[in-house]
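Colleague: Sharing a structure here in structure tokens format.
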Amino acid sequence: MSNEVLYKVEHLKKYYLAYKRGILDAIFRRPILYVKAVDDVNLEIYKGETLGVVGESGSGKSTLGKLLVGLERPTDGKIWFMGQEINKRNEEFLRNHVQMVFQNPYTSLNPRMRVKEIVSEPLGKFDEKAVKEALETVGLDYNYVKDKYPRELSGGQVQRVAIARAIVRRPTFIVLDEPTSALDVSIQSQVLNLLADLQKEYSLTYMFITHNIGVAKYIADRVIILYAGKVVEEGKTDDVLENPMHPYTQGLKQSVPSLQTKYLKPPEGDVPSLINPPSGCRYHPRCPYAMEICKQKEPPLIPVDGDRKVACWLFTPHGKENRS
Amino acid sequence: MVLLQIRNLNVYYNTLIGKVKILNDLNLDVDYGDIVGVVGESGSGKSTLGYAIAKILPPNASMTGEILFEGVNLLNLDEKEMQKYRGTQIFMVFQNALNSLNPVKKVGFQLEEALKIKYQKMGKKVSEDEIYKEVIDVFKDLRLPDPEVIYERYPHQLSGGQIQRVIIAMALLLRPKLLIADEPTSAIDVTLQAQVVNLFKQINQEAKISIIFITHDISLAYAMSNRILVLYAGRIMEEGNTEEIIKDPMHPYTQGLIASIPKVSKSSGKLYSIPGLPPSFYTLPAGCKFHPRCPKVMPICKEKEPQEVHVNNRRVRCWLYE
Ligand SMILES: Nc1ncnc2c1ncn2[C@@H]1O[C@H](COP(=O)(O)OP(=O)(O)OP(=O)(O)O)[C@@H](O)[C@H]1O
Ligand SMILES: Nc1ncnc2c1ncn2[C@@H]1O[C@H](COP(=O)(O)OP(=O)(O)OP(=O)(O)O)[C@@H](O)[C@H]1O
Ligand code: SF4
Ligand SMILES: [Mg+2]
Ligand SMILES: [Mg+2]
């Protein structure tokens, strides 16, 4: 890990249309509804690090990943990659350096392609030497797998194929979107070890998306916690996951089963609407510490100590005044 | 007090290649109020065990042995007699929840129907309004957004996680004596998963409902159960008190499962992983079915399959303890 910034993201937003607008919606001038999947995210990713992204389903993790690798275009905000601001004209430059691996390899890889075709696809042409090397790097026997279809391989093997495909062009950065959550624990360890080795060998930078806190602790140097499209906490993995400050991070931690505790203490309530998110702090309807200000004003993500940041009124001088 | 006794259960599937034995001489007692966590890797036979107990194995399956539910051998019952048990006595939440709902009926209606059958079997008269309210209340417990709207929806209009919650709602409404829950929280979120685990534990305590909780996540089994059963290649490798198994796993496979869970950061070294892959039922190794992956393998392990032995409170199938 270095201090060299690979990505810089400012005020990044991705709003999806909540549903397709029909002619009647236009005639009656019904308001356009948006799903605010990523809503004003600021962050930096340093060269060689693994940034963990943790959050509930629907919090915008995959959308953030897709924005960074150019699979989605931002609604608003800026992305700098290797010092260049990314726009429509230089998207190609970005795509040449980045890759993404998805959660379910059976659905994310083309089932009608053979392994060797899947892995060579990003190259644009079949280069046996490169494909063989990539497959061997991820621990697969080239002759055994090259002519197989994904369905003929086990879950762990297919995920290795997906990783081989991601590294075949020697990218700088890979978004790993829950790459092990469909795998058994024993296979998950094999894949995590492989990813850690690859990172060292090729000085890769990762964004690792997961809802598994144990996995994040193992693989990530720093983490961000997403809630309803916003970063609520950021910092060194150990700090954030051992001593969470944001009430949501605390609730999340107490929801994850582990062998250290038999009792789960999840936060009450459900994931909020992204079309019409709660006012003020988006977590306030579920937060056990919610104060008056939390309902009215959105807390900014502010540094608390060192490289730790939290978006919660409990940790601002302003909030303290309001608590009494 | 024992609710369910499984004796020498063998389950086979007929396939193009021939008849293959999946569950092998399985014995298990489930007491009233027990929560048994069934863990093991994909393909180890967890769902097959659930289907066998509920007697809903696919048509190409067959079984031998005894499944005694309150003393009655379910294997001797015909389909009509078995119907009396399904729902109110034994209820199974399937791994693929979508398959357990009728696609052409509104979900609220399906839950009402189930409740009416339950009250009919109990000989209890309950008004339509009360039934509606009971369904809506459970939806609220399960944090289904806009319960009244969900009530009017058809299954295909719900997300995977919402369907799973509807099925869990059915289990909570029916309050069977035995609930078999097959990966019931796999499509839902961590915070909701934790809420569901707590709801299951609550109905278990309030109504002494016994639960067989199937999961590949041993940490989840730990949070949920008072007993754990570890399956490997259709065999019980270890079975006993949850706390004891987690603190002191005896079988090398259980030890491997626990050691594979990430606890520290990558800077402190590699994660433990069980080498290799689980075997195929068509080419099971000789001797102990785990021996090709076992770090403690001895010559005898490759030749003879170990029997289950009782050590203290525990059953283990491993030559280290014979
Ligand atoms: N193409 C799309 N069109 C409309 N809405 C979308 C689209 N993609 C995502 N969304 C919505 O944006 C929100 C965030 O989705 P996203 O997939 O980023 O979440 P996530 O954190 O990755 O969740 P999960 O853990 O379930 O993968 C969700 O409400 C989702 O329904
Ligand atoms: N209808 C069937 N016909 C033939 N073989 C089957 C059938 N159903 C399951 N099997 C096989 O039986 C074995 C056990 O399957 P089962 O579904 O019980 O495993 P599981 O432990 O539930 O796995 P998972 O964690 O993936 O759900 C597997 O090898 C599977 O391929
Ligand atoms: S019997 Fe032998 S191979 Fe099997 S688990 Fe025990 S030590 Fe390992
Ligand atoms: Mg996602
Ligand atoms: Mg199963």
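So you can find residues: chains in the structure tokens are A, B, ... in the order shown, residues in each start at 1, and ligands are numbered from 1 in order.
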List the spatial neighbours of Thr64 of chain B as JSON, numbers by chain - criterion: any atom at most 9 Å away, only C-alpha atoms, same-chain residues fewer than 2 positions off excluded.
Modeller: {"B": [8, 9, 10, 11, 12, 62, 66, 75]}
Colleague: What residues in segment 63-92 of chain B get the DSSP label strand (DSSP E or B)? Please answer as a list of chain:residue names.
Modeller: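 Selecting the strand (DSSP E or B) positions of segment 63-92 of chain B gives B:Met63, B:Thr64, B:Gly65, B:Glu66, B:Ile67, B:Leu68, B:Phe69, B:Val72, B:Asn73, B:Arg86, B:Ile90, B:Phe91, B:Met92.
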Colleague: Which residues of chain B have any atom within 10 Å of an atom in ligand 1 when counting only C-alpha atoms and all ligand atoms, and what is the closest pair of atoms for each, with the distance in Å to one decimal? Order the rows by chain and rising number and write it as a Markdown table.
Modeller:
```
| residue | atom | partner | partner_atom_place_in_ligand_line | distance |
| --- | --- | --- | --- | --- |
| B:Gly161 | CA | ligand 1 | 26 (O) | 9.8 |
| B:Ala187 | CA | ligand 1 | 26 (O) | 9.0 |
| B:Ile188 | CA | ligand 1 | 26 (O) | 8.6 |
| B:Asp189 | CA | ligand 1 | 25 (O) | 7.6 |
| B:Val190 | CA | ligand 1 | 25 (O) | 9.6 |
```
Colleague: Keeping N, CA and C atoms, export the residues of the selection given above as a short mmCIF file (atom, residue, chain, number, x, y, z; two decimals), in the first residue's frame.
Modeller:
```
data_model
loop_
_atom_site.label_atom_id
_atom_site.label_comp_id
_atom_site.auth_asym_id
_atom_site.auth_seq_id
_atom_site.Cartn_x
_atom_site.Cartn_y
_atom_site.Cartn_z
N GLY B 161 -35.93 -12.18 -1.86
CA GLY B 161 -35.90 -12.03 -0.41
C GLY B 161 -37.31 -11.89 0.17
N ALA B 187 -31.35 -15.74 0.76
CA ALA B 187 -31.60 -14.64 -0.18
C ALA B 187 -31.86 -13.32 0.53
N ILE B 188 -31.76 -13.29 1.85
CA ILE B 188 -32.07 -12.03 2.53
C ILE B 188 -30.81 -11.45 3.17
N ASP B 189 -30.99 -10.24 3.62
CA ASP B 189 -29.87 -9.45 4.07
C ASP B 189 -29.36 -9.76 5.46
N VAL B 190 -28.11 -9.43 5.77
CA VAL B 190 -27.57 -9.78 7.09
C VAL B 190 -28.40 -9.27 8.26
#
```
Colleague: Residues of chain A within 10 Å of ligand 4: nearest atom pair and distance (Å, one decimal) for each, counting only C-alpha atoms and all ligand atoms, sorted by chain and number, as a Markdown table?
Modeller:
```
| residue | atom | partner | partner_atom_place_in_ligand_line | distance |
| --- | --- | --- | --- | --- |
| A:Gly55 | CA | ligand 4 | 1 (Mg) | 9.5 |
| A:Glu56 | CA | ligand 4 | 1 (Mg) | 9.1 |
| A:Ser57 | CA | ligand 4 | 1 (Mg) | 6.8 |
| A:Gly58 | CA | ligand 4 | 1 (Mg) | 7.0 |
| A:Ser59 | CA | ligand 4 | 1 (Mg) | 8.3 |
| A:Gly60 | CA | ligand 4 | 1 (Mg) | 7.1 |
| A:Lys61 | CA | ligand 4 | 1 (Mg) | 5.5 |
| A:Ser62 | CA | ligand 4 | 1 (Mg) | 4.1 |
| A:Thr63 | CA | ligand 4 | 1 (Mg) | 7.2 |
| A:Leu64 | CA | ligand 4 | 1 (Mg) | 9.3 |
| A:Gly65 | CA | ligand 4 | 1 (Mg) | 8.8 |
| A:Lys66 | CA | ligand 4 | 1 (Mg) | 9.8 |
| A:Phe102 | CA | ligand 4 | 1 (Mg) | 8.5 |
| A:Gln103 | CA | ligand 4 | 1 (Mg) | 7.9 |
| A:Asp177 | CA | ligand 4 | 1 (Mg) | 6.7 |
| A:Glu178 | CA | ligand 4 | 1 (Mg) | 7.4 |
| A:Ile209 | CA | ligand 4 | 1 (Mg) | 7.8 |
| A:Thr210 | CA | ligand 4 | 1 (Mg) | 8.5 |
| A:His211 | CA | ligand 4 | 1 (Mg) | 9.5 |
```
Colleague: Would you work out the distance separating atom CA of Trp319 of chain B from atom CA of His251 of chain B, expressed in Å to one decimal?
Modeller: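 Computing the Euclidean distance for atom CA of Trp319 of chain B and atom CA of His251 of chain B yields 9.6 Å.
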Colleague: Interatomic distance between atom CA of Lys129 of chain A and atom CA of Arg114 of chain A?
Modeller: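 Rounded to one decimal, the two atoms are 16.3 Å apart.
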Colleague: Counting only C-alpha atoms, figure out which residue out of B:Leu144, B:Leu178, B:Cys301, B:Val36 gets nearest to chain A.
Modeller: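 Among B:Leu144, B:Leu178, B:Cys301, B:Val36, it is B:Leu144 that comes nearest to chain A.
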Colleague: Please determine the contact residues of chain B with respect to chain A at a cut-off of 10 Å, counting only C-alpha atoms, and supply them as an NGL selection string.
Modeller: :B and (40-42 or 140-145 or 186-198 or 216-225 or 243 or 246-247 or 256-277)
Colleague: Within 7 Å of ligand 5, which residues show up when you count only C-alpha atoms and all ligand atoms? List them as a PDB file with N, CA, C and O atoms, in the first residue's frame, please.
Modeller:
```
ATOM      1  N   SER B  42     -21.630 -27.921   0.023  1.00  0.00           N
ATOM      2  CA  SER B  42     -22.614 -28.135  -1.022  1.00  0.00           C
ATOM      3  C   SER B  42     -22.550 -29.584  -1.521  1.00  0.00           C
ATOM      4  O   SER B  42     -21.467 -30.109  -1.750  1.00  0.00           O
ATOM      5  N   GLY B  43     -23.704 -30.218  -1.643  1.00  0.00           N
ATOM      6  CA  GLY B  43     -23.745 -31.583  -2.157  1.00  0.00           C
ATOM      7  C   GLY B  43     -23.577 -32.655  -1.100  1.00  0.00           C
ATOM      8  O   GLY B  43     -23.565 -33.847  -1.412  1.00  0.00           O
ATOM      9  N   GLY B  45     -25.680 -33.559   1.137  1.00  0.00           N
ATOM     10  CA  GLY B  45     -26.921 -34.290   1.397  1.00  0.00           C
ATOM     11  C   GLY B  45     -27.849 -33.618   2.398  1.00  0.00           C
ATOM     12  O   GLY B  45     -28.801 -34.228   2.873  1.00  0.00           O
ATOM     13  N   LYS B  46     -27.614 -32.331   2.681  1.00  0.00           N
ATOM     14  CA  LYS B  46     -28.412 -31.625   3.683  1.00  0.00           C
ATOM     15  C   LYS B  46     -29.876 -31.528   3.265  1.00  0.00           C
ATOM     16  O   LYS B  46     -30.779 -31.873   4.038  1.00  0.00           O
ATOM     17  N   SER B  47     -30.120 -31.051   2.032  1.00  0.00           N
ATOM     18  CA  SER B  47     -31.511 -30.922   1.579  1.00  0.00           C
ATOM     19  C   SER B  47     -32.163 -32.288   1.480  1.00  0.00           C
ATOM     20  O   SER B  47     -33.338 -32.452   1.840  1.00  0.00           O
ATOM     21  N   GLN B  95     -35.180 -24.523   0.186  1.00  0.00           N
ATOM     22  CA  GLN B  95     -34.034 -23.728  -0.242  1.00  0.00           C
ATOM     23  C   GLN B  95     -34.432 -22.795  -1.397  1.00  0.00           C
ATOM     24  O   GLN B  95     -34.059 -21.639  -1.429  1.00  0.00           O
ATOM     25  N   ASP B 182     -34.542 -25.011   5.334  1.00  0.00           N
ATOM     26  CA  ASP B 182     -33.397 -25.316   4.475  1.00  0.00           C
ATOM     27  C   ASP B 182     -32.813 -24.014   3.926  1.00  0.00           C
ATOM     28  O   ASP B 182     -33.381 -23.421   3.025  1.00  0.00           O
TER      29      ASP B 182
END
```
Colleague: May I ask you to write as a PyMOL selection string all residues lying at most 8 Å from ligand 3, with only C-alpha atoms and all ligand atoms counted?
Modeller: chain B and resi 251-253+288-298+300-302+305-306+317-321
Colleague: Identify, with DSSP run on backbone atoms, the residues in segment 73-153 of chain A assigned to alpha helix (DSSP H), and express the list as a compact mmCIF listing (two decimals) with N, CA, C and O atoms, in the first residue's frame.
Modeller:
```txt
# COMPACT_ATOMS: atom_id res chain seq x y z
N GLU A 91 -12.96 7.00 -21.74
CA GLU A 91 -13.46 5.78 -21.08
C GLU A 91 -12.63 4.56 -21.49
O GLU A 91 -12.40 3.66 -20.70
N GLU A 92 -12.20 4.55 -22.75
CA GLU A 92 -11.44 3.43 -23.26
C GLU A 92 -10.14 3.23 -22.45
O GLU A 92 -9.78 2.12 -22.11
N PHE A 93 -9.50 4.35 -22.14
CA PHE A 93 -8.28 4.32 -21.34
C PHE A 93 -8.56 3.66 -19.98
O PHE A 93 -7.80 2.81 -19.51
N LEU A 94 -9.69 4.02 -19.38
CA LEU A 94 -10.06 3.42 -18.10
C LEU A 94 -10.27 1.92 -18.27
O LEU A 94 -9.72 1.11 -17.54
N ARG A 95 -11.06 1.55 -19.28
CA ARG A 95 -11.41 0.14 -19.47
C ARG A 95 -10.18 -0.72 -19.75
O ARG A 95 -10.19 -1.91 -19.47
N ASN A 96 -9.14 -0.12 -20.31
CA ASN A 96 -7.93 -0.89 -20.57
C ASN A 96 -7.20 -1.28 -19.30
O ASN A 96 -6.35 -2.16 -19.32
N HIS A 97 -7.49 -0.60 -18.21
CA HIS A 97 -6.74 -0.84 -16.98
C HIS A 97 -7.54 -1.49 -15.86
O HIS A 97 -6.99 -1.75 -14.80
N PRO A 105 -20.49 -16.69 -10.58
CA PRO A 105 -19.75 -16.91 -11.82
C PRO A 105 -20.58 -17.66 -12.87
O PRO A 105 -20.36 -17.48 -14.06
N TYR A 106 -21.55 -18.48 -12.41
CA TYR A 106 -22.33 -19.24 -13.40
C TYR A 106 -23.23 -18.31 -14.22
O TYR A 106 -23.53 -18.58 -15.36
N THR A 107 -23.69 -17.21 -13.60
CA THR A 107 -24.54 -16.31 -14.38
C THR A 107 -23.75 -15.17 -15.01
O THR A 107 -24.20 -14.59 -15.99
N SER A 108 -22.57 -14.85 -14.45
CA SER A 108 -21.85 -13.71 -15.03
C SER A 108 -20.98 -14.12 -16.22
O SER A 108 -20.61 -13.29 -17.03
N VAL A 115 -14.03 -22.41 -21.57
CA VAL A 115 -13.17 -21.68 -20.65
C VAL A 115 -12.12 -20.85 -21.38
O VAL A 115 -11.91 -19.67 -21.10
N LYS A 116 -11.47 -21.45 -22.38
CA LYS A 116 -10.39 -20.71 -23.05
C LYS A 116 -10.94 -19.48 -23.78
O LYS A 116 -10.26 -18.46 -23.90
N GLU A 117 -12.19 -19.57 -24.28
CA GLU A 117 -12.79 -18.41 -24.96
C GLU A 117 -13.17 -17.33 -23.95
O GLU A 117 -12.99 -16.13 -24.19
N ILE A 118 -13.69 -17.79 -22.80
CA ILE A 118 -14.07 -16.83 -21.76
C ILE A 118 -12.87 -16.01 -21.34
O ILE A 118 -12.93 -14.78 -21.24
N VAL A 119 -11.76 -16.70 -21.10
CA VAL A 119 -10.58 -16.01 -20.57
C VAL A 119 -9.94 -15.12 -21.63
O VAL A 119 -9.42 -14.04 -21.32
N SER A 120 -10.01 -15.52 -22.90
CA SER A 120 -9.34 -14.71 -23.93
C SER A 120 -10.20 -13.55 -24.40
O SER A 120 -9.70 -12.64 -25.06
N GLU A 128 -3.13 -17.99 -26.96
CA GLU A 128 -3.05 -19.18 -26.11
C GLU A 128 -2.06 -19.02 -24.97
O GLU A 128 -2.32 -19.42 -23.85
N LYS A 129 -0.93 -18.39 -25.27
CA LYS A 129 0.10 -18.26 -24.25
C LYS A 129 -0.44 -17.46 -23.04
O LYS A 129 -0.29 -17.87 -21.89
N ALA A 130 -1.09 -16.33 -23.34
CA ALA A 130 -1.61 -15.48 -22.27
C ALA A 130 -2.72 -16.20 -21.49
O ALA A 130 -2.78 -16.12 -20.25
N VAL A 131 -3.59 -16.91 -22.21
CA VAL A 131 -4.70 -17.60 -21.56
C VAL A 131 -4.17 -18.71 -20.66
O VAL A 131 -4.61 -18.88 -19.52
N LYS A 132 -3.21 -19.45 -21.18
CA LYS A 132 -2.63 -20.57 -20.42
C LYS A 132 -1.98 -20.02 -19.14
O LYS A 132 -2.19 -20.54 -18.04
N GLU A 133 -1.24 -18.93 -19.30
CA GLU A 133 -0.56 -18.35 -18.16
C GLU A 133 -1.56 -17.88 -17.11
O GLU A 133 -1.41 -18.13 -15.91
N ALA A 134 -2.63 -17.22 -17.56
CA ALA A 134 -3.64 -16.71 -16.61
C ALA A 134 -4.30 -17.87 -15.87
O ALA A 134 -4.48 -17.82 -14.65
N LEU A 135 -4.66 -18.93 -16.60
CA LEU A 135 -5.34 -20.05 -15.95
C LEU A 135 -4.39 -20.77 -14.98
O LEU A 135 -4.81 -21.22 -13.91
N GLU A 136 -3.13 -20.87 -15.37
CA GLU A 136 -2.18 -21.52 -14.45
C GLU A 136 -1.93 -20.66 -13.22
O GLU A 136 -1.77 -21.17 -12.11
N THR A 137 -1.93 -19.34 -13.40
CA THR A 137 -1.73 -18.44 -12.27
C THR A 137 -2.83 -18.63 -11.21
O THR A 137 -2.57 -18.53 -10.02
N TYR A 142 -4.42 -26.09 -17.38
CA TYR A 142 -4.90 -25.56 -18.66
C TYR A 142 -5.53 -26.65 -19.51
O TYR A 142 -6.64 -26.50 -20.02
N ASN A 143 -4.84 -27.77 -19.66
CA ASN A 143 -5.37 -28.81 -20.54
C ASN A 143 -6.67 -29.41 -20.02
O ASN A 143 -7.54 -29.80 -20.79
N TYR A 144 -6.81 -29.45 -18.69
CA TYR A 144 -8.03 -30.01 -18.11
C TYR A 144 -9.23 -29.08 -18.32
O TYR A 144 -10.32 -29.54 -18.64
N VAL A 145 -9.04 -27.77 -18.16
CA VAL A 145 -10.21 -26.88 -18.18
C VAL A 145 -10.46 -26.19 -19.52
O VAL A 145 -11.57 -25.72 -19.77
```
Colleague: With only C-alpha atoms as the basis for distance, which of A:Asp127, A:Glu10, A:Asp239, A:Glu152 is at the shortest distance from Trp80 of chain A?
Modeller: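 Checking each candidate against Trp80 of chain A, we get A:Glu10 as the closest.
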Colleague: Identify which of the residues A:Leu204, A:Met291, A:Val101, A:Val41 lies closest to Asp76 of chain A, counting only C-alpha atoms when measuring atom-to-atom distances.
Modeller: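 Ranking A:Leu204, A:Met291, A:Val101, A:Val41 by distance to Asp76 of chain A, first place goes to A:Val41.
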Colleague: List the neighbours of Phe81 of chain A out to 9 Å using only C-alpha atoms; skip same-chain residues closer than 4 positions along the sequence, and give me the result as a list of chain:residue names.
Modeller: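 Counting only C-alpha atoms, the residues come to A:Val5, A:Leu6, A:Tyr7, A:Lys8, A:Val9, A:Leu68, A:Glu85, A:Ile86, A:Leu94.
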Colleague: Quick one: distance from atom CA of Gly123 of chain B to atom CA of Leu101 of chain B in Å, one decimal?
Modeller: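 Answer for the atom CA of Gly123 of chain B to atom CA of Leu101 of chain B separation: 25.4 Å.
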Colleague: Kindly indicate which residue among B:Arg235, B:Arg165, B:Arg175, B:Lys106 lies nearest to ligand 2, using only C-alpha atoms and all ligand atoms for the distances.
Modeller: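 The answer is B:Arg235, which sits nearest to ligand 2.
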Colleague: Select, from A:Lys230, A:Lys148, A:Arg165, A:Arg30, the residue with the minimum atom-to-atom distance to Val98 of chain A, counting only C-alpha atoms.
Modeller: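 Distance minimum relative to Val98 of chain A lands on A:Arg165.
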Colleague: Show me, as a list of chain:residue names, the residues that have an atom within 7 Å of Ile67 of chain B when counting only C-alpha atoms, minus same-chain residues fewer than 4 positions from it.
Modeller: B:Gln5, B:Ile6, B:Arg7, B:Ile53, B:Asn73, B:Leu74, B:Leu75
Colleague: Could you dump the residues just selected with all heavy atoms as a tab-separated table (two decimals), in the first residue's frame?
Modeller:
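Output below, filename result01.tsv:
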```
chain	number	residue	atom	x	y	z
B	5	GLN	N	-37.36	-39.60	15.73
B	5	GLN	CA	-36.25	-40.56	15.81
B	5	GLN	C	-35.99	-41.10	14.41
B	5	GLN	O	-36.89	-41.67	13.79
B	5	GLN	CB	-36.63	-41.74	16.72
B	5	GLN	CG	-36.74	-41.37	18.18
B	5	GLN	CD	-37.39	-42.49	18.96
B	5	GLN	OE1	-38.58	-42.77	18.82
B	5	GLN	NE2	-36.60	-43.17	19.79
B	6	ILE	N	-34.78	-40.89	13.93
B	6	ILE	CA	-34.42	-41.43	12.62
B	6	ILE	C	-33.53	-42.63	12.86
B	6	ILE	O	-32.54	-42.54	13.58
B	6	ILE	CB	-33.68	-40.36	11.78
B	6	ILE	CG1	-34.58	-39.14	11.61
B	6	ILE	CG2	-33.28	-40.92	10.43
B	6	ILE	CD1	-33.93	-38.00	10.86
B	7	ARG	N	-33.92	-43.75	12.26
B	7	ARG	CA	-33.18	-45.00	12.50
B	7	ARG	C	-32.70	-45.60	11.18
B	7	ARG	O	-33.50	-45.90	10.30
B	7	ARG	CB	-34.10	-46.03	13.18
B	7	ARG	CG	-34.49	-45.67	14.60
B	7	ARG	CD	-33.31	-45.85	15.57
B	7	ARG	NE	-33.65	-45.33	16.88
B	7	ARG	CZ	-33.34	-44.10	17.30
B	7	ARG	NH1	-32.69	-43.27	16.51
B	7	ARG	NH2	-33.70	-43.69	18.50
B	53	ILE	N	-37.24	-36.43	5.67
B	53	ILE	CA	-38.04	-36.33	6.90
B	53	ILE	C	-39.46	-35.87	6.58
B	53	ILE	O	-40.44	-36.36	7.11
B	53	ILE	CB	-37.38	-35.38	7.92
B	53	ILE	CG1	-36.00	-35.92	8.30
B	53	ILE	CG2	-38.26	-35.23	9.16
B	53	ILE	CD1	-35.16	-34.94	9.10
B	73	ASN	N	-44.11	-44.39	12.45
B	73	ASN	CA	-43.12	-44.48	11.38
B	73	ASN	C	-43.68	-43.87	10.10
B	73	ASN	O	-44.58	-44.43	9.46
B	73	ASN	CB	-42.73	-45.94	11.16
B	73	ASN	CG	-41.58	-46.04	10.15
B	73	ASN	OD1	-41.13	-45.04	9.60
B	73	ASN	ND2	-41.13	-47.27	9.92
B	74	LEU	N	-43.16	-42.72	9.74
B	74	LEU	CA	-43.70	-42.01	8.57
B	74	LEU	C	-43.52	-42.82	7.29
B	74	LEU	O	-44.29	-42.67	6.34
B	74	LEU	CB	-43.01	-40.65	8.41
B	74	LEU	CG	-43.14	-39.66	9.57
B	74	LEU	CD1	-42.43	-38.35	9.26
B	74	LEU	CD2	-44.61	-39.39	9.91
B	75	LEU	N	-42.53	-43.70	7.28
B	75	LEU	CA	-42.30	-44.50	6.07
B	75	LEU	C	-43.45	-45.47	5.79
B	75	LEU	O	-43.63	-45.90	4.66
B	75	LEU	CB	-40.97	-45.27	6.18
B	75	LEU	CG	-39.78	-44.56	5.51
B	75	LEU	CD1	-39.49	-43.24	6.17
B	75	LEU	CD2	-38.54	-45.43	5.55
```
Colleague: Can you pull out every residue within 12 Å of Asp307 of chain A, counting only C-alpha atoms, but drop anything in the same chain fewer than 4 positions away, and send it as number ranges by chain?
Modeller: A: 43-44, 222-224, 233-237, 239-240, 301-303
